[in-house]
file final-v7.pdb (PDB, C-alpha atoms)
ATOM      1  CA  MET A   5       0.000   0.000   0.000
ATOM      2  CA  LYS A   6       1.235   3.451  -0.913
ATOM      3  CA  LYS A   7       0.020   6.561   0.912
ATOM      4  CA  LEU A   8       0.029   9.988  -0.747
ATOM      5  CA  TRP A   9      -0.769  13.444   0.622
ATOM      6  CA  LYS A  10      -1.596  16.185  -1.864
ATOM      7  CA  ASN A  11      -2.277  19.904  -1.659
ATOM      8  CA  SER A  12      -5.461  21.210  -3.245
ATOM      9  CA  ASP A  13      -3.483  22.145  -6.376
ATOM     10  CA  GLY A  14      -2.240  18.550  -6.755
ATOM     11  CA  SER A  15       1.315  19.160  -5.533
ATOM     12  CA  ASP A  16       2.885  16.939  -2.869
ATOM     13  CA  MET A  17       2.525  18.117   0.695
ATOM     14  CA  SER A  18       5.661  18.791   2.687
ATOM     15  CA  VAL A  19       6.686  16.325   5.390
ATOM     16  CA  GLU A  20       5.877  18.934   8.059
ATOM     17  CA  GLN A  21       2.239  19.028   6.936
ATOM     18  CA  ILE A  22       1.671  15.266   6.915
ATOM     19  CA  PRO A  23      -0.091  13.723   9.951
ATOM     20  CA  ASP A  24       1.999  11.624  12.321
ATOM     21  CA  GLU A  25      -0.084   8.485  11.834
ATOM     22  CA  ILE A  26      -2.869   6.921   9.812
ATOM     23  CA  ARG A  27      -5.413   4.173  10.493
ATOM     24  CA  VAL A  28      -6.116   1.619   7.785
ATOM     25  CA  GLN A  29      -7.970  -1.643   7.372
ATOM     26  CA  LEU A  30      -7.051  -4.609   5.220
ATOM     27  CA  GLN A  31     -10.005  -6.059   3.357
ATOM     28  CA  ARG A  32     -10.466  -8.981   1.021
ATOM     29  CA  ARG A  33     -13.085 -10.685  -1.098
ATOM     30  CA  ILE A  34     -13.298 -13.823  -3.199
ATOM     31  CA  LYS A  35     -12.364 -12.998  -6.759
ATOM     32  CA  ALA A  36     -15.374 -13.291  -9.040
ATOM     33  CA  GLU A  37     -15.194 -15.467 -12.096
ATOM     34  CA  GLU A  38     -15.666 -13.834 -15.459
ATOM     35  CA  GLY A  39     -19.284 -12.836 -15.928
ATOM     36  CA  GLN A  40     -20.095 -13.168 -12.241
ATOM     37  CA  GLN A  41     -21.167 -10.354  -9.955
ATOM     38  CA  GLU A  42     -18.409  -8.858  -7.817
ATOM     39  CA  ASN A  43     -18.365  -9.942  -4.173
ATOM     40  CA  ASN A  44     -18.286  -7.473  -1.285
ATOM     41  CA  TYR A  45     -15.080  -6.747   0.601
ATOM     42  CA  SER A  46     -14.849  -7.516   4.330
ATOM     43  CA  ALA A  47     -12.190  -6.887   6.960
ATOM     44  CA  VAL A  48      -9.446  -9.474   7.414
ATOM     45  CA  ASP A  49      -9.229 -10.811  10.966
ATOM     46  CA  GLY A  50      -6.348  -9.251  12.832
ATOM     47  CA  TYR A  51      -6.044  -6.363  10.362
ATOM     48  CA  SER A  52      -9.309  -4.496  10.909
ATOM     49  CA  ASP A  53      -7.664  -1.453  12.538
ATOM     50  CA  ILE A  54      -3.976  -0.894  11.820
ATOM     51  CA  VAL A  55      -2.384   2.271  13.198
ATOM     52  CA  ILE A  56       0.653   3.137  11.084
ATOM     53  CA  SER A  57       3.283   5.753  11.794
ATOM     54  CA  PRO A  58       6.897   6.276  10.742
ATOM     55  CA  GLY A  59       8.963   3.458  12.242
ATOM     56  CA  TYR A  60       6.108   0.941  12.092
ATOM     57  CA  VAL A  61       7.219  -2.491  10.844
ATOM     58  CA  GLY A  62       6.723  -2.573   7.088
ATOM     59  CA  TRP A  63       6.408   1.211   6.801
ATOM     60  CA  ASN A  64       9.026   2.695   4.500
ATOM     61  CA  ASP A  65       8.766   6.076   2.787
ATOM     62  CA  TYR A  66       4.948   5.997   3.022
ATOM     63  CA  ILE A  67       4.775   2.531   1.474
ATOM     64  CA  TYR A  68       3.409  -0.184   3.763
ATOM     65  CA  THR A  69       4.183  -3.828   3.018
ATOM     66  CA  LEU A  70       2.351  -6.785   4.522
ATOM     67  CA  ASP A  71       3.524 -10.369   3.893
ATOM     68  CA  GLY A  72       2.179 -13.874   4.465
ATOM     69  CA  LEU A  73      -1.415 -13.367   3.353
ATOM     70  CA  ASP A  74      -3.476 -16.243   1.985
ATOM     71  CA  LYS A  75      -3.693 -16.267  -1.777
ATOM     72  CA  TYR A  76      -6.439 -18.902  -1.936
ATOM     73  CA  VAL A  77      -9.595 -19.531   0.058
ATOM     74  CA  ASP A  78      -8.833 -23.263   0.365
ATOM     75  CA  TYR A  79      -5.465 -24.839  -0.423
ATOM     76  CA  LYS A  80      -6.799 -28.385  -0.029
ATOM     77  CA  VAL A  81      -8.797 -28.418  -3.247
ATOM     78  CA  ALA A  82      -7.262 -29.017  -6.649
ATOM     79  CA  GLU A  83      -5.278 -26.044  -7.913
ATOM     80  CA  GLU A  84      -7.545 -25.472 -10.912
ATOM     81  CA  SER A  85     -10.549 -25.257  -8.568
ATOM     82  CA  ARG A  86      -9.027 -22.879  -6.042
ATOM     83  CA  GLN A  87     -10.701 -19.518  -5.476
ATOM     84  CA  GLU A  88      -8.412 -16.521  -5.151
ATOM     85  CA  TYR A  89      -8.685 -13.669  -2.726
ATOM     86  CA  GLU A  90      -8.538 -10.017  -3.812
ATOM     87  CA  TYR A  91      -7.123  -7.579  -1.261
ATOM     88  CA  ARG A  92      -7.214  -3.844  -0.714
ATOM     89  CA  PHE A  93      -6.462  -1.259   1.990
ATOM     90  CA  VAL A  94      -8.985   1.388   3.085
ATOM     91  CA  GLU A  95      -8.552   4.269   5.501
ATOM     92  CA  LEU A  96     -10.420   4.665   8.802
ATOM     93  CA  ASP A  97     -11.628   7.807  10.518
ATOM     94  CA  GLN A  98     -11.023   8.716  14.176
ATOM     95  CA  ASN A  99     -13.891   6.450  15.238
ATOM     96  CA  GLY A 100     -12.643   3.439  13.304
ATOM     97  CA  ASN A 101     -15.217   3.725  10.520
ATOM     98  CA  VAL A 102     -14.265   2.999   6.916
ATOM     99  CA  ILE A 103     -13.994   6.118   4.740
ATOM    100  CA  THR A 104     -15.533   5.557   1.334
ATOM    101  CA  SER A 105     -13.734   6.822  -1.759
ATOM    102  CA  GLY A 106     -14.488  10.529  -2.088
ATOM    103  CA  GLY A 107     -15.256  10.848   1.619
ATOM    104  CA  PHE A 108     -13.451  13.117   4.038
ATOM    105  CA  LEU A 109     -11.057  12.786   6.951
ATOM    106  CA  ASP A 110     -10.898  16.172   8.664
ATOM    107  CA  HIS A 111     -10.018  18.526   5.788
ATOM    108  CA  TYR A 112      -8.670  15.763   3.521
ATOM    109  CA  GLN A 113     -10.625  14.057   0.760
ATOM    110  CA  VAL A 114      -9.776  10.344   0.592
ATOM    111  CA  THR A 115      -9.632   8.454  -2.698
ATOM    112  CA  TYR A 116      -8.485   4.929  -3.575
ATOM    113  CA  SER A 117      -6.874   3.485  -6.652
ATOM    114  CA  GLU A 118      -8.043   0.168  -8.024
ATOM    115  CA  SER A 119      -6.334  -2.767  -6.351
ATOM    116  CA  ASN A 120      -3.653  -4.026  -8.735
ATOM    117  CA  GLN A 121      -3.112  -7.746  -8.138
ATOM    118  CA  ASP A 122      -0.656 -10.054  -9.905
ATOM    119  CA  SER A 123      -2.470 -13.335 -10.466
ATOM    120  CA  SER A 124       0.748 -15.352 -10.765
ATOM    121  CA  SER A 125       2.457 -14.170  -7.591
ATOM    122  CA  GLY A 126      -0.621 -13.055  -5.699
ATOM    123  CA  ASN A 127       1.045  -9.759  -4.821
ATOM    124  CA  PHE A 128      -1.262  -6.751  -4.771
ATOM    125  CA  SER A 129      -0.948  -3.012  -4.326
ATOM    126  CA  ASN A 130      -3.235  -0.021  -4.061
ATOM    127  CA  THR A 131      -2.763   3.666  -3.344
ATOM    128  CA  ILE A 132      -4.631   5.805  -0.823
ATOM    129  CA  THR A 133      -4.501   9.520  -1.608
ATOM    130  CA  ASN A 134      -5.468  12.238   0.863
ATOM    131  CA  THR A 135      -5.987  15.607  -0.821
ATOM    132  CA  LEU A 136      -6.178  18.791   1.215
ATOM    133  CA  ILE A 137      -9.467  20.539   0.467
ATOM    134  CA  ASN A 138      -9.346  24.259   1.129
ATOM    135  CA  LYS A 139     -12.630  25.146  -0.546
ATOM    136  CA  THR A 140     -15.681  25.507   1.659
ATOM    137  CA  ASN A 141     -19.424  25.935   1.161
ATOM    138  CA  ILE A 142     -21.510  28.432   3.131
ATOM    139  CA  LYS A 143     -25.097  27.356   3.702
ATOM    140  CA  ILE A 144     -27.688  29.846   4.954
ATOM    141  CA  ILE A 145     -30.965  28.907   6.631
ATOM    142  CA  LYS A 146     -33.329  31.864   7.035
ATOM    143  CA  ARG A 147     -36.189  31.661   9.545
ATOM    144  CA  ASP A 148     -38.549  33.640  11.755
ATOM    145  CA  ALA A 149     -37.024  34.723  15.071
ATOM    146  CA  SER A 150     -40.158  33.850  17.032
ATOM    147  CA  ASP A 151     -41.096  30.626  15.237
ATOM    148  CA  GLU A 152     -38.228  28.387  14.164
ATOM    149  CA  THR A 153     -40.529  26.320  11.960
ATOM    150  CA  THR A 154     -41.313  29.328   9.763
ATOM    151  CA  LEU A 155     -38.690  29.421   7.018
ATOM    152  CA  LEU A 156     -38.289  32.555   4.924
ATOM    153  CA  GLY A 157     -37.924  32.434   1.164
ATOM    154  CA  GLY A 158     -37.136  35.377  -1.082
ATOM    155  CA  VAL A 159     -34.438  36.847   1.174
ATOM    156  CA  GLU A 160     -31.503  38.264  -0.795
ATOM    157  CA  PHE A 161     -27.853  38.179   0.272
ATOM    158  CA  LYS A 162     -24.544  39.448  -1.045
ATOM    159  CA  LEU A 163     -21.208  37.769  -0.269
ATOM    160  CA  GLU A 164     -18.012  39.809  -0.633
ATOM    161  CA  LYS A 165     -14.406  38.874   0.001
ATOM    162  CA  LEU A 166     -12.270  41.193   2.127
ATOM    163  CA  LYS A 167      -8.553  41.868   2.230
ATOM    164  CA  GLU A 168      -6.329  43.724   4.648
ATOM    165  CA  GLU A 169      -5.019  47.059   3.414
ATOM    166  CA  ASN A 170      -3.146  49.535   5.597
ATOM    167  CA  GLY A 171      -4.406  47.853   8.741
ATOM    168  CA  ILE A 172      -8.084  47.820   7.757
ATOM    169  CA  TYR A 173     -10.241  45.368   5.837
ATOM    170  CA  VAL A 174     -11.567  46.495   2.487
ATOM    171  CA  VAL A 175     -13.468  44.777  -0.319
ATOM    172  CA  ASP A 176     -11.236  42.596  -2.493
ATOM    173  CA  SER A 177     -11.935  43.803  -6.036
ATOM    174  CA  THR A 178     -10.371  40.662  -7.531
ATOM    175  CA  PHE A 179     -13.282  38.613  -6.170
ATOM    176  CA  ASN A 180     -16.607  38.962  -7.941
ATOM    177  CA  ALA A 181     -19.259  39.484  -5.266
ATOM    178  CA  LEU A 182     -21.815  36.682  -5.142
ATOM    179  CA  THR A 183     -25.540  37.229  -4.743
ATOM    180  CA  GLY A 184     -28.336  34.809  -4.061
ATOM    181  CA  THR A 185     -31.900  34.427  -2.826
ATOM    182  CA  THR A 186     -33.217  31.944  -0.282
ATOM    183  CA  SER A 187     -35.411  29.286  -1.832
ATOM    184  CA  SER A 188     -39.192  29.410  -1.667
ATOM    185  CA  GLU A 189     -39.595  25.765  -2.729
ATOM    186  CA  ASP A 190     -40.839  23.032  -0.425
ATOM    187  CA  GLY A 191     -37.980  20.996   1.013
ATOM    188  CA  THR A 192     -35.395  23.753   0.542
ATOM    189  CA  LYS A 193     -37.405  26.769   1.678
ATOM    190  CA  GLY A 194     -35.305  29.396   3.427
ATOM    191  CA  GLN A 195     -32.035  27.883   2.169
ATOM    192  CA  LEU A 196     -29.229  29.397   0.125
ATOM    193  CA  GLN A 197     -25.715  28.072  -0.463
ATOM    194  CA  PHE A 198     -22.510  29.621  -1.801
ATOM    195  CA  ASP A 199     -20.189  26.852  -3.038
ATOM    196  CA  GLU A 200     -16.464  26.185  -3.460
ATOM    197  CA  LEU A 201     -15.062  29.191  -1.585
ATOM    198  CA  GLU A 202     -11.343  29.483  -1.014
ATOM    199  CA  ASP A 203      -9.845  30.336   2.365
ATOM    200  CA  GLY A 204     -10.177  33.998   3.241
ATOM    201  CA  ILE A 205     -12.324  36.597   4.987
ATOM    202  CA  TYR A 206     -15.860  37.169   3.712
ATOM    203  CA  ARG A 207     -18.662  39.609   4.478
ATOM    204  CA  LEU A 208     -22.266  38.413   4.201
ATOM    205  CA  THR A 209     -24.869  41.178   3.888
ATOM    206  CA  GLU A 210     -28.633  40.806   3.775
ATOM    207  CA  THR A 211     -29.818  43.166   1.031
ATOM    208  CA  LYS A 212     -33.542  42.370   0.928
ATOM    209  CA  ALA A 213     -35.693  40.935   3.713
ATOM    210  CA  ALA A 214     -38.783  38.782   3.362
ATOM    211  CA  ASP A 215     -42.077  40.647   3.095
ATOM    212  CA  ASN A 216     -43.107  42.251   6.418
ATOM    213  CA  TYR A 217     -39.752  41.374   8.040
ATOM    214  CA  SER A 218     -36.997  43.671   9.267
ATOM    215  CA  LEU A 219     -33.673  43.677   7.422
ATOM    216  CA  LEU A 220     -30.663  42.197   9.234
ATOM    217  CA  LYS A 221     -28.967  45.180  10.877
ATOM    218  CA  GLU A 222     -25.302  44.213  10.577
ATOM    219  CA  PRO A 223     -23.303  42.182   8.026
ATOM    220  CA  ILE A 224     -21.801  38.871   9.165
ATOM    221  CA  THR A 225     -18.023  38.352   8.980
ATOM    222  CA  ILE A 226     -16.926  34.831   8.043
ATOM    223  CA  VAL A 227     -13.334  33.592   8.204
ATOM    224  CA  LEU A 228     -12.645  30.453   6.173
ATOM    225  CA  ASP A 229      -9.430  28.793   7.307
ATOM    226  CA  ARG A 230      -9.415  25.027   6.848
ATOM    227  CA  VAL A 231      -6.069  24.624   8.608
ATOM    228  CA  ASN A 232      -6.522  26.741  11.746
ATOM    229  CA  GLY A 233     -10.313  26.734  11.947
ATOM    230  CA  CYS A 234     -13.250  28.741  10.598
ATOM    231  CA  LYS A 235     -14.941  31.571  12.473
ATOM    232  CA  VAL A 236     -18.242  33.449  12.204
ATOM    233  CA  ASP A 237     -18.210  36.880  13.869
ATOM    234  CA  ASN A 238     -15.113  35.771  15.839
ATOM    235  CA  GLU A 239     -16.759  32.568  17.116
ATOM    236  CA  ASN A 240     -15.317  29.172  16.214
ATOM    237  CA  TRP A 241     -17.516  27.435  13.651
ATOM    238  CA  ASN A 242     -17.787  23.790  12.684
ATOM    239  CA  VAL A 243     -17.235  22.514   9.137
ATOM    240  CA  ASP A 244     -19.290  19.391   8.451
ATOM    241  CA  GLU A 245     -18.351  16.277   6.489
ATOM    242  CA  ASN A 246     -19.543  17.953   3.268
ATOM    243  CA  ASN A 247     -17.111  20.869   3.668
ATOM    244  CA  THR A 248     -19.993  23.142   4.597
ATOM    245  CA  ILE A 249     -20.543  25.655   7.377
ATOM    246  CA  THR A 250     -24.194  26.377   8.151
ATOM    247  CA  LEU A 251     -25.525  29.728   9.351
ATOM    248  CA  THR A 252     -29.045  29.971  10.752
ATOM    249  CA  ILE A 253     -30.152  33.603  10.532
ATOM    250  CA  SER A 254     -33.356  34.845  12.155
ATOM    251  CA  ASN A 255     -35.443  37.886  11.269
ATOM    252  CA  ARG A 256     -38.242  39.554  13.213
ATOM    253  CA  LEU A 257     -41.580  40.734  11.900
ATOM    254  CA  LYS A 258     -41.986  44.496  11.594
ATOM    255  CA  PHE A 259     -44.351  46.119  14.131
ATOM    256  CA  GLU A 260     -47.471  47.344  12.348
ATOM    257  CA  LEU A 261     -50.782  48.763  13.560
ATOM    258  CA  PRO A 262     -53.767  46.715  12.366
ATOM    259  CA  ALA A 263     -55.198  48.117   9.129
ATOM    260  CA  THR A 264     -58.104  45.694   8.937
ATOM    261  CA  GLY A 265     -59.866  43.223  11.158
ATOM    262  CA  GLY A 266     -60.320  45.616  14.139
ATOM    263  CA  TYR A 267     -61.010  49.139  15.344
ATOM    264  CA  GLY A 268     -57.566  49.913  16.720
ATOM    265  CA  ARG A 269     -56.503  52.309  13.988
ATOM    266  CA  THR A 270     -59.918  54.027  13.843
ATOM    267  CA  ILE A 271     -59.954  54.578  17.610
ATOM    268  CA  MET A 272     -56.466  56.095  17.554
ATOM    269  CA  ILE A 273     -57.365  58.411  14.663
ATOM    270  CA  LEU A 274     -60.554  59.562  16.373
ATOM    271  CA  GLY A 275     -58.692  60.047  19.622
ATOM    272  CA  GLY A 276     -56.098  62.166  17.876
ATOM    273  CA  LEU A 277     -58.742  64.300  16.214
ATOM    274  CA  ALA A 278     -60.491  64.804  19.570
ATOM    275  CA  VAL A 279     -57.274  65.987  21.218
ATOM    276  CA  ALA A 280     -56.527  68.330  18.323
ATOM    277  CA  GLY A 281     -60.084  69.718  18.414
ATOM    278  CA  MET A 282     -59.923  70.333  22.152
ATOM    279  CA  ALA A 283     -56.623  72.157  21.774
ATOM    280  CA  LEU A 284     -58.068  74.373  19.041
ATOM    281  CA  PHE A 285     -61.153  75.124  21.172
ATOM    282  CA  MET A 286     -59.023  76.134  24.177
ATOM    283  CA  TYR A 287     -56.862  78.344  21.981
ATOM    284  CA  ARG A 288     -59.833  80.183  20.481
ATOM    285  CA  LEU A 289     -61.421  80.562  23.934
ATOM    286  CA  GLN A 290     -58.240  82.140  25.242
ATOM    287  CA  ILE A 291     -58.159  84.594  22.310
ATOM    288  CA  CYS A 292     -61.754  85.585  22.918
ATOM    289  CA  ARG A 293     -61.112  86.278  26.611
ATOM    290  CA  LYS A 294     -58.138  88.477  25.796
ATOM    291  CA  GLY A 295     -60.223  90.382  23.259
ATOM    292  CA  GLY A 296     -62.976  91.010  25.850
ATOM    293  CA  ARG A 297     -60.548  92.501  28.366
ATOM    294  CA  LYS A 298     -59.095  94.898  25.803
ATOM    295  CA  SER A 299     -62.613  96.135  24.860
ATOM    296  CA  ARG A 300     -63.487  96.972  28.485
ATOM    297  CA  LYS A 301     -60.354  99.090  28.863
ATOM    298  CA  HIS A 302     -61.454 101.450  26.099
ATOM    299  CA  LEU A 303     -64.903 102.082  27.549
TER     300      LEU A 303
END
call {"tool": "encode", "arguments": {"input": "final-v7.pdb", "output": "structure tokens"}}
result
Amino acid sequence: MKKLWKNSDGSDMSVEQIPDEIRVQLQRRIKAEEGQQENNYSAVDGYSDIVISPGYVGWNDYIYTLDGLDKYVDYKVAEESRQEYEYRFVELDQNGNVITSGGFLDHYQVTYSESNQDSSSGNFSNTITNTLINKTNIKIIKRDASDETTLLGGVEFKLEKLKEENGIYVVDSTFNALTGTTSSEDGTKGQLQFDELEDGIYRLTETKAADNYSLLKEPITIVLDRVNGCKVDNENWNVDENNTITLTISNRLKFELPATGGYGRTIMILGGLAVAGMALFMYRLQICRKGGRKSRKHL
């Protein structure tokens, strides 16, 4: 088995970047005859969880060699009737679960080559490649602040990339700002996703709220750093197995006086008119009194 570590651009990772150990499992299956359906692989007893690190027996320059494996299922039968085993190595995650090809281990995507087996000698080899994935998806879920089950479609966002310039962060003009609208469809309502984003600092701004909802007051700052950790508004944020960080953003309904369905607005209007009328009456009464006093002085 050969183990490779690659950067996202396909170049080899430096020794300093490579993890100190890996966990693999040896699997085998009975080789199918021509025209037959392929059998499923299963773990080989005693090799279901192998922790390998530099210095491990058989480990040399990221190539692991294992000897003494059975070539045939049963050596007692005639040679022409013997069934051969096919072997392969797969990688395990921190919990000892098998990682399927294309799956992820931390920020590495794991892929496997086809097992190359020499039918005459029985020797086999396969390569496990871990590729550093620096690109991240940002998923937005928009909902009502008072009722989490109410998802909000039609909300518009803008995503900009920032860069540091003279000690302050400004918009990076080399990055084309992304815009999107949360879905209004059943099953994905309130959702919006920006895909395949490189590491960097981003600013997410809500540009249009759902009908009758208040606009988000402040933009959200998102730091994508797949080596040292991602942050949202300076809080550590988890990246899931699909290379996605999820933001749940809540909006509140605007406060509005009832226009229909009650007398609230009518009562307030009438009350206002009554107060204004009373004020006008008192003002005119005061003018009349002043006028009466002046008339008596001239008599």
call {"tool": "closest_residue", "arguments": {"input": "final-v7.pdb", "among": "A:Lys162, A:Lys7, A:Arg86, A:Lys139", "to": "A:Gly204", "atoms": "only C-alpha atoms"}}
result
A:Lys139
call {"tool": "resolve_selection", "arguments": {"input": "final-v7.pdb", "expression": "the PyMOL selection byres ((chain A and resi 165-175) around 8)", "output": "ChimeraX atom specification"}}
result
/A:163-164,176-177,179,181,204-207
call {"tool": "atom_distance", "arguments": {"input": "final-v7.pdb", "atom1": "atom CA of A:Leu73", "atom2": "atom CA of A:Gly107"}}
result
27.9 Å
call {"tool": "closest_atom_pairs", "arguments": {"input": "final-v7.pdb", "of": "stretch 107-200 of chain A", "to": "stretch 210-230 of chain A", "cutoff": "7 Å", "atoms": "all atoms listed in the file", "output": "JSON lines"}}
result
{"residue": "A:His111", "atom": "CA", "partner": "A:Arg230", "partner_atom": "CA", "distance": 6.6}
{"residue": "A:Asn138", "atom": "CA", "partner": "A:Arg230", "partner_atom": "CA", "distance": 5.8}
{"residue": "A:Leu156", "atom": "CA", "partner": "A:Ala214", "partner_atom": "CA", "distance": 6.4}
{"residue": "A:Gly157", "atom": "CA", "partner": "A:Ala214", "partner_atom": "CA", "distance": 6.8}
{"residue": "A:Gly158", "atom": "CA", "partner": "A:Ala214", "partner_atom": "CA", "distance": 5.8}
{"residue": "A:Val159", "atom": "CA", "partner": "A:Ala213", "partner_atom": "CA", "distance": 5.0}
{"residue": "A:Glu160", "atom": "CA", "partner": "A:Lys212", "partner_atom": "CA", "distance": 4.9}
{"residue": "A:Phe161", "atom": "CA", "partner": "A:Glu210", "partner_atom": "CA", "distance": 4.4}
{"residue": "A:Lys162", "atom": "CA", "partner": "A:Glu210", "partner_atom": "CA", "distance": 6.5}
call {"tool": "write_last_selection", "arguments": {"input": "final-v7.pdb", "atoms": "C-alpha atoms", "output": "mmCIF file, in the frame of the given file"}}
result
data_model
loop_
_atom_site.group_PDB
_atom_site.id
_atom_site.type_symbol
_atom_site.label_atom_id
_atom_site.label_comp_id
_atom_site.auth_asym_id
_atom_site.auth_seq_id
_atom_site.Cartn_x
_atom_site.Cartn_y
_atom_site.Cartn_z
ATOM 1 C CA HIS A 111 -10.018 18.526 5.788
ATOM 2 C CA ASN A 138 -9.346 24.259 1.129
ATOM 3 C CA LEU A 156 -38.289 32.555 4.924
ATOM 4 C CA GLY A 157 -37.924 32.434 1.164
ATOM 5 C CA GLY A 158 -37.136 35.377 -1.082
ATOM 6 C CA VAL A 159 -34.438 36.847 1.174
ATOM 7 C CA GLU A 160 -31.503 38.264 -0.795
ATOM 8 C CA PHE A 161 -27.853 38.179 0.272
ATOM 9 C CA LYS A 162 -24.544 39.448 -1.045
#
call {"tool": "resolve_selection", "arguments": {"input": "final-v7.pdb", "expression": "the PyMOL selection byres ((chain A and resi 17) around 12)", "output": "PyMOL selection string"}}
result
chain A and resi 7-16+18-23+112+133-136
call {"tool": "decode", "arguments": {"input": "final-v7.pdb", "residues": "stretch 178-184 of chain A", "atoms": "all heavy atoms", "output": "tab-separated table (two decimals), in the first residue's frame"}}
result
chain	number	residue	atom	x	y	z
A	178	THR	N	-10.68	41.79	-6.65
A	178	THR	CA	-10.37	40.66	-7.53
A	178	THR	C	-11.39	39.53	-7.40
A	178	THR	O	-11.39	38.60	-8.19
A	178	THR	CB	-8.96	40.11	-7.23
A	178	THR	OG1	-8.93	39.59	-5.89
A	178	THR	CG2	-7.92	41.21	-7.37
A	179	PHE	N	-12.25	39.63	-6.39
A	179	PHE	CA	-13.28	38.61	-6.17
A	179	PHE	C	-14.63	39.19	-6.59
A	179	PHE	O	-15.05	40.24	-6.10
A	179	PHE	CB	-13.32	38.21	-4.69
A	179	PHE	CG	-14.40	37.23	-4.33
A	179	PHE	CD1	-14.20	35.87	-4.51
A	179	PHE	CD2	-15.61	37.66	-3.81
A	179	PHE	CE1	-15.19	34.95	-4.19
A	179	PHE	CE2	-16.61	36.76	-3.48
A	179	PHE	CZ	-16.39	35.40	-3.67
A	180	ASN	N	-15.28	38.52	-7.51
A	180	ASN	CA	-16.61	38.96	-7.94
A	180	ASN	C	-17.64	38.64	-6.86
A	180	ASN	O	-17.83	37.47	-6.52
A	180	ASN	CB	-17.00	38.29	-9.25
A	180	ASN	CG	-16.13	38.72	-10.41
A	180	ASN	OD1	-15.71	39.88	-10.48
A	180	ASN	ND2	-15.84	37.81	-11.32
A	181	ALA	N	-18.27	39.68	-6.33
A	181	ALA	CA	-19.26	39.48	-5.27
A	181	ALA	C	-20.35	38.53	-5.74
A	181	ALA	O	-20.79	38.57	-6.89
A	181	ALA	CB	-19.86	40.82	-4.85
A	182	LEU	N	-20.78	37.66	-4.84
A	182	LEU	CA	-21.81	36.68	-5.14
A	182	LEU	C	-23.13	37.13	-4.53
A	182	LEU	O	-23.17	37.68	-3.43
A	182	LEU	CB	-21.43	35.31	-4.59
A	182	LEU	CG	-20.09	34.73	-5.05
A	182	LEU	CD1	-19.80	33.43	-4.32
A	182	LEU	CD2	-20.11	34.50	-6.56
A	183	THR	N	-24.21	36.91	-5.25
A	183	THR	CA	-25.54	37.23	-4.74
A	183	THR	C	-26.42	36.00	-4.87
A	183	THR	O	-26.19	35.12	-5.70
A	183	THR	CB	-26.18	38.40	-5.51
A	183	THR	OG1	-26.26	38.06	-6.91
A	183	THR	CG2	-25.37	39.67	-5.34
A	184	GLY	N	-27.42	35.94	-4.02
A	184	GLY	CA	-28.34	34.81	-4.06
A	184	GLY	C	-29.59	35.09	-3.26
A	184	GLY	O	-29.63	36.04	-2.45
